[in-house]
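Visitor: The following file, model_38.json, comprises JSON, C-alpha atoms and all ligand atoms:
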```json
[["chain", "number", "residue", "atom", "x", "y", "z"],
["A", 1, "MET", "CA", 0.00, 0.00, 0.00],
["A", 2, "ARG", "CA", 0.97, 3.62, -0.36],
["A", 3, "VAL", "CA", 0.98, 5.83, 2.72],
["A", 4, "THR", "CA", 0.70, 9.57, 2.29],
["A", 5, "ALA", "CA", 1.06, 11.86, 5.29],
["A", 6, "THR", "CA", 2.20, 15.33, 6.21],
["A", 7, "VAL", "CA", 5.46, 14.86, 8.07],
["A", 8, "ASN", "CA", 7.07, 17.88, 9.70],
["A", 9, "GLY", "CA", 4.99, 20.15, 7.50],
["A", 10, "VAL", "CA", 5.81, 18.42, 4.22],
["A", 11, "GLU", "CA", 3.64, 15.93, 2.32],
["A", 12, "ARG", "CA", 5.53, 12.64, 2.12],
["A", 13, "GLN", "CA", 4.71, 9.32, 0.48],
["A", 14, "ALA", "CA", 5.95, 5.84, 1.25],
["A", 15, "GLU", "CA", 5.42, 3.16, -1.39],
["A", 16, "ASP", "CA", 5.00, -0.62, -1.04],
["A", 17, "VAL", "CA", 4.26, -0.39, 2.67],
["A", 18, "TRP", "CA", 3.22, -3.68, 4.24],
["A", 19, "PRO", "CA", -0.02, -3.06, 6.20],
["A", 20, "GLY", "CA", 1.49, -4.50, 9.36],
["A", 21, "GLU", "CA", 4.48, -2.20, 9.29],
["A", 22, "SER", "CA", 4.73, 0.34, 12.10],
["A", 23, "LEU", "CA", 4.73, 4.08, 11.63],
["A", 24, "LEU", "CA", 8.13, 4.04, 13.35],
["A", 25, "TYR", "CA", 9.53, 1.75, 10.65],
["A", 26, "VAL", "CA", 8.11, 3.94, 7.89],
["A", 27, "LEU", "CA", 9.59, 7.09, 9.44],
["A", 28, "ARG", "CA", 13.01, 5.60, 10.03],
["A", 29, "GLU", "CA", 13.50, 3.21, 7.14],
["A", 30, "ARG", "CA", 11.38, 4.62, 4.35],
["A", 31, "LEU", "CA", 11.32, 8.37, 4.94],
["A", 32, "GLY", "CA", 14.87, 8.80, 6.22],
["A", 33, "LEU", "CA", 13.90, 10.21, 9.60],
["A", 34, "PRO", "CA", 15.95, 8.25, 12.17],
["A", 35, "GLY", "CA", 15.38, 10.71, 15.03],
["A", 36, "SER", "CA", 12.58, 8.65, 16.57],
["A", 37, "LYS", "CA", 14.28, 5.68, 18.18],
["A", 38, "ASN", "CA", 13.38, 2.01, 18.27],
["A", 39, "ALA", "CA", 14.29, 0.80, 21.73],
["A", 40, "CYS", "CA", 11.60, -1.68, 22.75],
["A", 41, "GLU", "CA", 9.04, -1.82, 19.93],
["A", 42, "GLN", "CA", 6.43, -2.68, 22.57],
["A", 43, "GLY", "CA", 5.09, 0.67, 23.68],
["A", 44, "GLU", "CA", 7.06, 0.52, 26.93],
["A", 45, "CYS", "CA", 9.90, 3.03, 26.60],
["A", 46, "GLY", "CA", 8.57, 6.09, 24.78],
["A", 47, "SER", "CA", 11.73, 6.57, 22.70],
["A", 48, "CYS", "CA", 9.64, 6.48, 19.49],
["A", 49, "THR", "CA", 7.17, 9.18, 20.58],
["A", 50, "VAL", "CA", 5.89, 11.43, 17.79],
["A", 51, "TYR", "CA", 2.87, 13.67, 17.43],
["A", 52, "LEU", "CA", 0.05, 12.18, 15.37],
["A", 53, "ASP", "CA", -2.55, 14.86, 14.62],
["A", 54, "GLY", "CA", -1.19, 16.81, 17.58],
["A", 55, "VAL", "CA", -1.33, 13.93, 20.05],
["A", 56, "PRO", "CA", 1.84, 12.19, 21.28],
["A", 57, "VAL", "CA", 1.83, 8.48, 20.41],
["A", 58, "CYS", "CA", 4.30, 5.62, 20.42],
["A", 59, "ALA", "CA", 5.07, 5.29, 16.72],
["A", 60, "CYS", "CA", 6.04, 1.65, 17.24],
["A", 61, "LEU", "CA", 2.42, 0.87, 18.14],
["A", 62, "VAL", "CA", 0.81, 2.75, 15.24],
["A", 63, "ALA", "CA", 0.25, 0.71, 12.09],
["A", 64, "ALA", "CA", 1.56, 2.53, 9.04],
["A", 65, "GLY", "CA", -1.88, 2.46, 7.43],
["A", 66, "GLN", "CA", -3.32, 4.34, 10.38],
["A", 67, "ALA", "CA", -1.01, 7.25, 9.57],
["A", 68, "ASP", "CA", -2.36, 7.67, 6.05],
["A", 69, "GLY", "CA", -3.70, 11.19, 5.56],
["A", 70, "ARG", "CA", -2.60, 12.28, 9.00],
["A", 71, "ASP", "CA", -0.29, 14.98, 10.32],
["A", 72, "ILE", "CA", 2.93, 13.82, 11.96],
["A", 73, "LEU", "CA", 5.57, 15.79, 13.82],
["A", 74, "THR", "CA", 8.80, 14.05, 14.73],
["A", 75, "VAL", "CA", 11.76, 15.29, 16.73],
["A", 76, "GLU", "CA", 13.33, 16.42, 13.44],
["A", 77, "GLY", "CA", 10.47, 18.89, 13.11],
["A", 78, "LEU", "CA", 10.94, 20.56, 16.50],
["A", 79, "ALA", "CA", 13.87, 22.75, 15.53],
["A", 80, "GLY", "CA", 13.07, 25.90, 13.57],
["A", 81, "VAL", "CA", 15.04, 27.79, 10.95],
["A", 82, "GLY", "CA", 16.71, 29.70, 13.77],
["A", 83, "GLY", "CA", 18.21, 26.54, 15.26],
["A", 84, "LEU", "CA", 17.33, 24.24, 18.12],
["A", 85, "HIS", "CA", 13.99, 24.51, 19.86],
["A", 86, "PRO", "CA", 14.45, 26.03, 23.35],
["A", 87, "LEU", "CA", 13.64, 22.63, 24.81],
["A", 88, "GLN", "CA", 16.41, 21.00, 22.79],
["A", 89, "GLN", "CA", 18.82, 23.75, 23.80],
["A", 90, "ALA", "CA", 17.89, 23.28, 27.46],
["A", 91, "PHE", "CA", 18.51, 19.51, 27.22],
["A", 92, "VAL", "CA", 22.00, 20.23, 25.88],
["A", 93, "GLU", "CA", 22.79, 22.88, 28.49],
["A", 94, "ALA", "CA", 21.42, 20.92, 31.43],
["A", 95, "GLY", "CA", 23.36, 17.78, 30.52],
["A", 96, "ALA", "CA", 20.12, 15.86, 29.99],
["A", 97, "VAL", "CA", 21.52, 13.95, 27.00],
["A", 98, "GLN", "CA", 23.92, 11.07, 27.47],
["A", 99, "CYS", "CA", 23.46, 8.21, 24.99],
["A", 100, "GLY", "CA", 20.51, 10.14, 23.60],
["A", 101, "PHE", "CA", 18.36, 7.11, 22.89],
["A", 102, "CYS", "CA", 15.52, 8.37, 25.07],
["A", 103, "THR", "CA", 15.94, 12.01, 24.10],
["A", 104, "PRO", "CA", 13.70, 12.29, 21.01],
["A", 105, "GLY", "CA", 10.73, 10.83, 22.85],
["A", 106, "LEU", "CA", 11.39, 12.91, 25.95],
["A", 107, "LEU", "CA", 11.54, 16.05, 23.84],
["A", 108, "ILE", "CA", 8.17, 15.35, 22.24],
["A", 109, "ALA", "CA", 6.59, 14.46, 25.59],
["A", 110, "ALA", "CA", 8.05, 17.56, 27.26],
["A", 111, "HIS", "CA", 7.02, 19.73, 24.31],
["A", 112, "ASP", "CA", 3.47, 18.49, 24.67],
["A", 113, "LEU", "CA", 3.53, 19.21, 28.41],
["A", 114, "LEU", "CA", 4.77, 22.77, 27.99],
["A", 115, "ASP", "CA", 2.19, 23.35, 25.28],
["A", 116, "ARG", "CA", -0.55, 22.41, 27.74],
["A", 117, "ASP", "CA", 1.05, 23.88, 30.84],
["A", 118, "PRO", "CA", 3.76, 26.56, 30.50],
["A", 119, "ASP", "CA", 4.52, 26.48, 34.23],
["A", 120, "PRO", "CA", 4.32, 22.86, 35.34],
["A", 121, "ALA", "CA", 4.99, 21.74, 38.90],
["A", 122, "ASP", "CA", 7.66, 19.08, 39.34],
["A", 123, "ALA", "CA", 4.99, 16.46, 39.89],
["A", 124, "ASP", "CA", 3.40, 17.41, 36.58],
["A", 125, "ILE", "CA", 6.73, 17.09, 34.76],
["A", 126, "ARG", "CA", 7.32, 13.69, 36.31],
["A", 127, "GLU", "CA", 3.84, 12.53, 35.36],
["A", 128, "ALA", "CA", 4.15, 13.83, 31.79],
["A", 129, "LEU", "CA", 7.47, 12.01, 31.32],
["A", 130, "ALA", "CA", 6.46, 8.84, 33.15],
["A", 131, "GLY", "CA", 6.11, 6.91, 29.89],
["A", 132, "ASN", "CA", 9.62, 7.78, 28.73],
["A", 133, "LEU", "CA", 12.39, 5.62, 30.11],
["A", 134, "CYS", "CA", 15.99, 6.77, 30.39],
["A", 135, "ARG", "CA", 18.74, 4.37, 31.44],
["A", 136, "CYS", "CA", 21.52, 6.95, 31.63],
["A", 137, "THR", "CA", 20.73, 10.24, 33.30],
["A", 138, "GLY", "CA", 18.90, 9.39, 36.52],
["A", 139, "TYR", "CA", 16.21, 11.82, 35.34],
["A", 140, "GLU", "CA", 17.31, 14.78, 37.47],
["A", 141, "LYS", "CA", 19.04, 16.52, 34.59],
["A", 142, "ILE", "CA", 16.03, 15.88, 32.39],
["A", 143, "LEU", "CA", 13.82, 17.56, 35.00],
["A", 144, "ASP", "CA", 16.33, 20.44, 35.15],
["A", 145, "ALA", "CA", 16.12, 20.78, 31.37],
["A", 146, "VAL", "CA", 12.34, 20.93, 31.31],
["A", 147, "ARG", "CA", 12.31, 23.49, 34.14],
["A", 148, "LEU", "CA", 14.90, 25.58, 32.27],
["A", 149, "ALA", "CA", 12.98, 25.42, 28.99],
["A", 150, "ALA", "CA", 9.70, 26.28, 30.73],
["A", 151, "HIS", "CA", 11.35, 29.29, 32.36],
["A", 152, "ARG", "CA", 12.81, 30.51, 29.06],
["A", 153, "LEU", "CA", 9.61, 29.94, 27.08],
["A", 154, "ARG", "CA", 7.61, 31.94, 29.62],
["A", 155, "ALA", "CA", 10.08, 34.82, 29.56],
["A", 201, "LIG", "S1", 10.17, 1.80, 20.82],
["A", 201, "LIG", "FE1", 8.12, 2.48, 20.93],
["A", 201, "LIG", "S2", 7.70, 2.59, 23.06],
["A", 201, "LIG", "FE2", 9.71, 1.74, 22.93],
["A", 202, "LIG", "S1", 20.33, 9.40, 27.76],
["A", 202, "LIG", "FE1", 20.65, 7.29, 27.45],
["A", 202, "LIG", "S2", 18.67, 6.42, 27.70],
["A", 202, "LIG", "FE2", 18.43, 8.47, 28.25]]
```
Take the structure in this file and express it as structure tokens.
Guide:
Amino acid sequence: MRVTATVNGVERQAEDVWPGESLLYVLRERLGLPGSKNACEQGECGSCTVYLDGVPVCACLVAAGQADGRDILTVEGLAGVGGLHPLQQAFVEAGAVQCGFCTPGLLIAAHDLLDRDPDPADADIREALAGNLCRCTGYEKILDAVRLAAHRLRA
């Protein structure tokens, strides 16, 4: 089947897609967008999180056919022409990136949080990121990064 979707603001097509293929596979292997990571492929780790019609989803659990005609934003689409998104910059500055495997999903999840709540309490940040597992950072630096980005985005 052919899958047509708007990805990071651009209409993209993937040909010869097997109906059982995941959106994550299509993004990474067919559309050349390796930012979303495949860490568990079971909906457990959040490293594959992308926006689908404005809602964060685990791309490993979305069948490619379900993405047809939809709007997708991946981590590659967060940065603007001026450079990194403030959230990405804050992750770098706060030391919230080590191996980086979890980072794309955390960025999308944190972006969604700050969209809904520009001034989240720590408990809200923890809850929003609860579905995103990181094996490297111990989470504190990730929390620091989200606090820093929230502060800058409010300013
Ligand atoms: S790779 Fe999708 S949730 Fe882990
Ligand atoms: S930085 Fe390595 S898993 Fe999070």
Visitor: Output the neighbourhood of ligand LIG 201 (chain A) as number ranges by chain, that is, all protein and nucleic acid residues with some atom at most 9 Å from the ligand, counting all atoms listed in the file.
Guide: A: 24, 36-49, 57-61, 105, 131-133
Visitor: Just checking: using only C-alpha atoms, which residue out of A:Asp53, A:Glu140, A:Asp115, A:Glu127 ends up closest to Gly69 (chain A)?
Guide: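 Closest to Gly69 (chain A), using only C-alpha atoms: A:Asp53.
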Visitor: What residues of the protein or nucleic acid chains come within 8 Å of ligand LIG 202 (chain A) when you use all atoms listed in the file? Reply as a list in words.
Guide: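 For ligand LIG 202 (chain A), the residues inside 8 Å are Ala96, Val97, Gln98, Cys99, Gly100, Phe101, Cys102, Thr103, Leu133, Cys134, Arg135, Cys136 and Thr137 of chain A.
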Visitor: Between region 3-113 of chain A and region 118-124 of chain A, at 12 Å or less, what are the per-residue closest atom pairs and their distances in Å? Count all atoms listed in the file, order by chain and rising residue number, and return it as a Markdown table.
Guide:
```
| residue | atom | partner | partner_atom | distance |
| --- | --- | --- | --- | --- |
| A:Ala109 | CA | A:Asp124 | CA | 11.8 |
| A:Ala110 | CA | A:Pro120 | CA | 10.4 |
| A:His111 | CA | A:Pro118 | CA | 9.8 |
| A:Asp112 | CA | A:Pro118 | CA | 10.0 |
| A:Leu113 | CA | A:Pro118 | CA | 7.6 |
```
Visitor: For CA of Pro56 (chain A) and CA of Ala155 (chain A), quote the distance in Å rounded to one decimal.
Guide: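 Pair CA of Pro56 (chain A) / CA of Ala155 (chain A) returns 25.5 Å.
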Visitor: Under the rule that only C-alpha atoms are counted, which of A:Leu33, A:Ala149, A:Ile125, A:Ala67 is the nearest residue to Thr4 (chain A)?
Guide: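 Among the listed residues, A:Ala67 lies closest to Thr4 (chain A).
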Visitor: How far is it from CA of Tyr139 (chain A) to CA of Arg126 (chain A), in Å with one decimal?
Guide: 9.1 Å
Visitor: As an exercise, work out the distance from CA of Val17 (chain A) to CA of Gly35 (chain A) in Å and give it to one decimal place.
Guide: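 If I compute the distance from CA of Val17 (chain A) to CA of Gly35 (chain A), I get 20.0 Å.
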Visitor: Measuring between all atoms listed in the file, which one of A:Asp68, A:Val62, A:Ile108, A:Leu143 shows the shortest distance to Met1 (chain A)?
Guide: A:Asp68
Visitor: Could you check which of A:Asp144, A:Asp16, A:Asp117, A:Glu21 is closest to Gly65 (chain A), using all atoms listed in the file?
Guide: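 For Gly65 (chain A), the nearest of the candidates is A:Glu21.
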Visitor: Given only C-alpha atoms as the basis, pick out the residue of A:Ile72, A:Leu84, A:Leu107, A:Ala64 nearest to Ser22 (chain A).
Guide: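 Answer, going by the shortest atom-to-atom distance: A:Ala64.
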